[in-house]
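Asks: Sharing a structure below in structure tokens format, with a few things to ask.
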Amino acid sequence: MLKKPSVSFEFFPPQTDEGVSKLNETISNLSQFNPEFYSVTFGAGGSTKEKTYDTVLKIKDHGYQAVPHISCISSSKEEIRGLLKKYQDNGINRLVALRGDHPSGVVDIVDFSYANELVSFIREETGDFFNIEVAAYPEFHPEASTAQDDINNFKRKLDAGANGAITQFFFNVDAYFKFIEECQRKNIDLPITPGIMPIYNYKQLSRFASNCGAEIPRWLRMKLESFGEDLDSLRDFGVEVISELCETLIQYGVPSIHFYTLNKSKTVSRIIKNLSLV
Ligand SMILES: Cc1cc2nc3c(=O)[nH]c(=O)nc-3n(C[C@H](O)[C@H](O)[C@H](O)COP(=O)(O)OP(=O)(O)OC[C@H]3O[C@@H](n4cnc5c(N)ncnc54)[C@H](O)[C@@H]3O)c2cc1C
């Protein structure tokens, strides 16, 4: 019998008091699903870095497993060392380690060029203290020169000491299955958790997808376009499509499912209630 996968939820650090109370409500609504953890994204810009830290500690204070993302593209070794120490001192022992993207689009390399260097650095500095997740791309990272290079680069992060990976969102389930097969051929047997993006809004989804290289298949794109401003119908349809995607992944035997919540709980809750998880 298949083991039921766990779920985890990703948030961005809220920037306003209103955002903070909305996130508190979201966290409390999603707690009914007993998530393995709540993760908090990391922005490369100055004050955003602090907000990730503050949000993580608040989630932990509420008694939940809180997992910060750390990106290295515009951070020095000294900064990362300081941040790791702060997390260790506060009993945070799980991280998502990334290269990151600078909001301006300008690559501002300080001490690290790629995420595998960050993973190695974390291991050198803190040994086995942290459980480290890295990013995986079933449809390949937009900057990858070839599919093969991208998988080899993914393997570098695992060889550097990561414990598992969370994927970029995708709608083509075959891309995930093929990615897993390819990893198995390379003797990668660490858990690769599918990252799932609920459908809230077509324009926003389109923008995210084109930035991160996720394909919205033609049938789905045309169907979503046809809802126009009718967001309720679009979301109902989105819940159906994403529930089917998740159920296919559950039947395949995925270890866990990570939801990109965008700090909202309603759509994600509807999806999870449709699954053979609860
Ligand atoms: C689950 C998840 C969470 C995320 N959270 C955040 C977040 O909180 N904040 C944020 O800013 N972004 C986040 N991102 C986005 C991520 O930062 C971007 O996709 C970024 O462009 C790449 O980050 P990475 O860690 O995958 O980079 P890398 O693994 O370093 O890969 C980046 C590119 O470089 C290539 N590459 C990797 N290593 C090498 C090497 N040694 N030599 C040559 N080429 C190499 C890869 O093939 C790839 O094309 C997240 C993505 C995912 C999937």
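Chain lettering (A, B, ...) mirrors the order of the structure tokens, residue numbering begins at 1 for each chain separately, and ligand numbering begins at 1 in order of display.
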If you count only C-alpha atoms and all ligand atoms, which residues end up within 8 Å of ligand 1, as a PyMOL selection string?
Replies: chain A and resi 12+40-44+68-71+96-103+113-117+134-137+140-145+149-154+156-157+165-169+195+212
Asks: Identify all residues of stretch 98-169 of chain A in helix (DSSP H, G or I) (DSSP on the backbone) and supply them as a ChimeraX atom specification.
Replies: /A:115-126,147-159
Asks: Mind pulling up the distance from atom CA of A:Leu190 to atom CA of A:Leu277?
Replies: 22.0 Å
Asks: Would you mind listing what lies within 6 Å of stretch 60-67 of chain A as a list in words, with only C-alpha atoms counted and same-chain residues fewer than 6 positions away left out?
Replies: Phe37, Tyr38, Ser39, Arg94 and Leu95 of chain A
Asks: Any chance you could export the current selection's N, CA, C and O atoms as an mmCIF file, in the first residue's frame?
Replies:
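Full text of part32.cif as output:
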data_model
loop_
_atom_site.group_PDB
_atom_site.id
_atom_site.type_symbol
_atom_site.label_atom_id
_atom_site.label_comp_id
_atom_site.auth_asym_id
_atom_site.auth_seq_id
_atom_site.Cartn_x
_atom_site.Cartn_y
_atom_site.Cartn_z
ATOM 1 N N PHE A 37 6.185 21.090 7.312
ATOM 2 C CA PHE A 37 6.803 22.383 7.637
ATOM 3 C C PHE A 37 6.139 23.506 6.853
ATOM 4 O O PHE A 37 5.410 23.259 5.891
ATOM 5 N N TYR A 38 6.413 24.729 7.312
ATOM 6 C CA TYR A 38 6.048 25.939 6.570
ATOM 7 C C TYR A 38 7.365 26.588 6.158
ATOM 8 O O TYR A 38 8.212 26.842 7.036
ATOM 9 N N SER A 39 7.550 26.863 4.867
ATOM 10 C CA SER A 39 8.809 27.519 4.480
ATOM 11 C C SER A 39 8.556 28.973 4.111
ATOM 12 O O SER A 39 7.431 29.351 3.759
ATOM 13 N N ARG A 94 16.376 23.300 9.581
ATOM 14 C CA ARG A 94 16.069 22.870 8.219
ATOM 15 C C ARG A 94 16.085 24.101 7.329
ATOM 16 O O ARG A 94 15.577 25.155 7.743
ATOM 17 N N LEU A 95 16.641 23.981 6.107
ATOM 18 C CA LEU A 95 16.770 25.136 5.205
ATOM 19 C C LEU A 95 16.440 24.735 3.776
ATOM 20 O O LEU A 95 16.612 23.576 3.405
#
Asks: Need to verify the contact set: A:Gly228, 9 Å, only C-alpha atoms, exclusion of same-chain residues closer than 4 positions in sequence. Can you return it as a compact mmCIF listing (two decimals) with N, CA and C atoms, in the first residue's frame?
Replies:
# COMPACT_ATOMS: atom_id res chain seq x y z
N TYR A 202 -4.93 34.13 -13.92
CA TYR A 202 -4.22 33.71 -15.15
C TYR A 202 -3.02 34.60 -15.48
N LEU A 224 -7.93 28.65 -19.49
CA LEU A 224 -7.83 29.70 -18.46
C LEU A 224 -8.16 31.07 -19.06
N LEU A 234 -12.68 30.48 -12.86
CA LEU A 234 -11.29 30.11 -13.13
C LEU A 234 -10.73 29.30 -11.96
Asks: Please determine, counting only C-alpha atoms, which residue among A:Asp230, A:Asp89, A:Asp174, A:Glu125 has the shortest atom-to-atom distance to A:Tyr252.
Replies: A:Asp174
Asks: Determine the nearest neighbour of A:Glu215 from the options A:Glu133, A:Glu240, A:Glu139, A:Glu50, counting only C-alpha atoms.
Replies: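 Checking each candidate against A:Glu215, we get A:Glu139 as the closest.
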Asks: At a cut-off of 8 Å, using only C-alpha atoms, what residues contact A:Ser8? Leave out same-chain residues fewer than 2 positions from it and give the result as a PyMOL selection string.
Replies: chain A and resi 6+10+35-39+256-259
Asks: Quick one: of A:Leu57, A:Glu79, A:Phe208, A:Pro198, who's nearest to A:Asn263, counting only C-alpha atoms?
Replies: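 Answer, going by the shortest atom-to-atom distance: A:Pro198.
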